[in-house]
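One structure below.
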Amino acid sequence: MKGPILSGKRIKLQPIKLSDAPDFIRWFSDKEVAVYLLRQTPMTLSEEKKWIKKILRAKDKIIWSIFNEKGRLIGNTGLTIDAKNKAASFGIMIGEKGEWGKGYAGECLKIIGNFVFIKLKYNRLELEVYMKNKRALRVYEKAGFLLEGVKRQKLKNAITKKFEDAGIMSILSKEWKF
């Protein structure tokens, strides 16, 4: 599903396109970037383009590329939509390491939350996060997400070769304050 273009103060979310694939491959190939992603194995360029085409045809997924104020592609974000239950699952990746720690993830979360709760009028936004990913946990907690529980050793990390705990976090429309 192709989503709308969404803008914040410093970033713009645009539907992914095939020309974004080389950057995605570069990010997924960087172990420091991929260590806390749910997908940790890089794809070939043709596999990545095939995945993008599949996502654009999906009825329940919206994936955006994140561009900073200079127009540079710095990451991606997306939703899996559950229209029946008025809920969405969220994910984000800032792939450009030089852009880490600049507040882009928090701004992206604000844009996505407003889209989910104000535009779609959904009730719930949720995510799954590696419990060792302290930076992500801080961003989600600052936005008002609550930790619902931890699935112990749920994820086999392809980079660390260890089983890792996954946290389930959510926020409801009545709790959204942006």
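Ordering of the structure tokens sets the chain letters (A, B, ...), residue numbers begin anew at 1 in every chain, and ligands are numbered from 1 in the order given.
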**Request:** Write out as a list of chain:residue names each polymer residue whose atoms come within 8 Å of segment 146-149 of chain A, counting only C-alpha atoms; drop sequence neighbours fewer than 5 positions from it.
**Result:** A:Glu141, A:Gly167, A:Ile168, A:Met169, A:Ser170, A:Ile171
Quick one: write out the picked residues with N, CA and C atoms as a JSON list (two decimals), in the first residue's frame?
[["chain", "number", "residue", "atom", "x", "y", "z"],
["A", 141, "GLU", "N", 9.59, 5.42, 25.26],
["A", 141, "GLU", "CA", 9.09, 5.82, 26.57],
["A", 141, "GLU", "C", 8.81, 7.32, 26.62],
["A", 167, "GLY", "N", 10.80, -6.75, 23.86],
["A", 167, "GLY", "CA", 9.76, -6.04, 24.59],
["A", 167, "GLY", "C", 8.59, -5.72, 23.68],
["A", 168, "ILE", "N", 7.40, -5.79, 24.22],
["A", 168, "ILE", "CA", 6.20, -5.38, 23.51],
["A", 168, "ILE", "C", 5.74, -4.07, 24.15],
["A", 169, "MET", "N", 5.66, -3.03, 23.34],
["A", 169, "MET", "CA", 5.27, -1.71, 23.84],
["A", 169, "MET", "C", 4.07, -1.21, 23.03],
["A", 170, "SER", "N", 3.26, -0.37, 23.68],
["A", 170, "SER", "CA", 2.12, 0.19, 22.97],
["A", 170, "SER", "C", 1.73, 1.53, 23.57],
["A", 171, "ILE", "N", 0.94, 2.24, 22.78],
["A", 171, "ILE", "CA", 0.30, 3.46, 23.24],
["A", 171, "ILE", "C", -1.09, 3.48, 22.64]]
**Item:** Selected residue of minimal separation from Tyr140 of chain A among A:Lys53, A:Lys110, A:Lys84, A:Arg10, counting only C-alpha atoms
**Value:**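 Distance minimum relative to Tyr140 of chain A lands on A:Lys110.
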**Request:** DSSP on the backbone, then: every residue of segment 44-110 of chain A marked helix (DSSP H, G or I), written as a VMD selection string.
**Result:** chain A and resid 45 to 57 97 to 99 104 to 110
Prev. selection, C-alpha atoms, output as a JSON list (two decimals), in the first residue's frame:
[["chain", "number", "residue", "atom", "x", "y", "z"],
["A", 45, "LEU", "CA", 19.81, -5.48, -4.92],
["A", 46, "SER", "CA", 17.34, -7.59, -6.91],
["A", 47, "GLU", "CA", 15.94, -9.16, -3.72],
["A", 48, "GLU", "CA", 15.54, -5.73, -2.10],
["A", 49, "LYS", "CA", 13.73, -4.37, -5.17],
["A", 50, "LYS", "CA", 11.48, -7.42, -5.20],
["A", 51, "TRP", "CA", 10.67, -6.80, -1.50],
["A", 52, "ILE", "CA", 9.86, -3.14, -2.21],
["A", 53, "LYS", "CA", 7.50, -4.12, -5.05],
["A", 54, "LYS", "CA", 5.80, -6.64, -2.73],
["A", 55, "ILE", "CA", 5.37, -4.02, 0.02],
["A", 56, "LEU", "CA", 3.89, -1.51, -2.42],
["A", 57, "ARG", "CA", 1.27, -4.14, -3.42],
["A", 97, "LYS", "CA", 24.88, 6.44, 11.61],
["A", 98, "GLY", "CA", 25.97, 10.09, 11.27],
["A", 99, "GLU", "CA", 22.33, 11.04, 11.85],
["A", 104, "TYR", "CA", 14.96, 12.17, 13.99],
["A", 105, "ALA", "CA", 13.48, 8.96, 15.41],
["A", 106, "GLY", "CA", 11.41, 10.92, 17.93],
["A", 107, "GLU", "CA", 10.16, 13.27, 15.25],
["A", 108, "CYS", "CA", 9.33, 10.33, 13.01],
["A", 109, "LEU", "CA", 7.39, 8.70, 15.83],
["A", 110, "LYS", "CA", 5.39, 11.90, 16.34]]
**Message:** Among segment 3-169 of chain A, which ones does DSSP assign to strand (DSSP E) (computed from the backbone)? Answer as a PyMOL selection string.
**Reply:** chain A and resi 6-7+12-15+61-67+73-82+87-94+124-130+146-156+163-169
**Request:** Write out as number ranges by chain the residues lying within 10 Å of Asn157 of chain A, counting only C-alpha atoms and excluding same-chain residues fewer than 4 positions away.
**Result:** A: 34-40, 130, 153, 161-165
Prev. selection, C-alpha atoms, output as a PDB file, in the first residue's frame:
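This went into part06.pdb:
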ATOM      1  CA  ALA A  34      21.398  -4.008  11.850  1.00  0.00           C
ATOM      2  CA  VAL A  35      22.163  -5.408  15.320  1.00  0.00           C
ATOM      3  CA  TYR A  36      18.766  -4.370  16.737  1.00  0.00           C
ATOM      4  CA  LEU A  37      16.646  -4.756  13.610  1.00  0.00           C
ATOM      5  CA  LEU A  38      14.180  -7.582  13.276  1.00  0.00           C
ATOM      6  CA  ARG A  39      15.612  -8.253   9.811  1.00  0.00           C
ATOM      7  CA  GLN A  40      19.380  -8.587  10.098  1.00  0.00           C
ATOM      8  CA  TYR A 130      15.103  -5.564  21.509  1.00  0.00           C
ATOM      9  CA  GLN A 153      14.843 -14.899  24.549  1.00  0.00           C
ATOM     10  CA  LYS A 161      24.450 -15.145  17.782  1.00  0.00           C
ATOM     11  CA  LYS A 162      22.511 -14.949  21.057  1.00  0.00           C
ATOM     12  CA  PHE A 163      18.866 -15.260  21.997  1.00  0.00           C
ATOM     13  CA  GLU A 164      17.604 -11.851  23.058  1.00  0.00           C
ATOM     14  CA  ASP A 165      14.574 -10.555  24.938  1.00  0.00           C
TER      15      ASP A 165
END
**Message:** Considering only C-alpha atoms, can you say which of A:Lys102, A:Lys17, A:Lys156, A:Lys142 comes closest to Asn68 of chain A?
**Reply:** A:Lys102
**Message:** With distances taken over only C-alpha atoms, which residue among A:Ala143, A:Leu155, A:Asn85, A:Gly75 lies nearest Phe28 of chain A?
**Reply:** A:Gly75
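Distance check against Met131 of chain A using only C-alpha atoms: of A:Arg152, A:Phe145, A:Gly95, A:Ile111, the minimum falls on A:Arg152.
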**Prompt:** For Gly91 of chain A, which residue among A:Gly113, A:Pro42, A:Pro22, A:Gly71 is the nearest when counting only C-alpha atoms?
**Reply:** A:Gly113
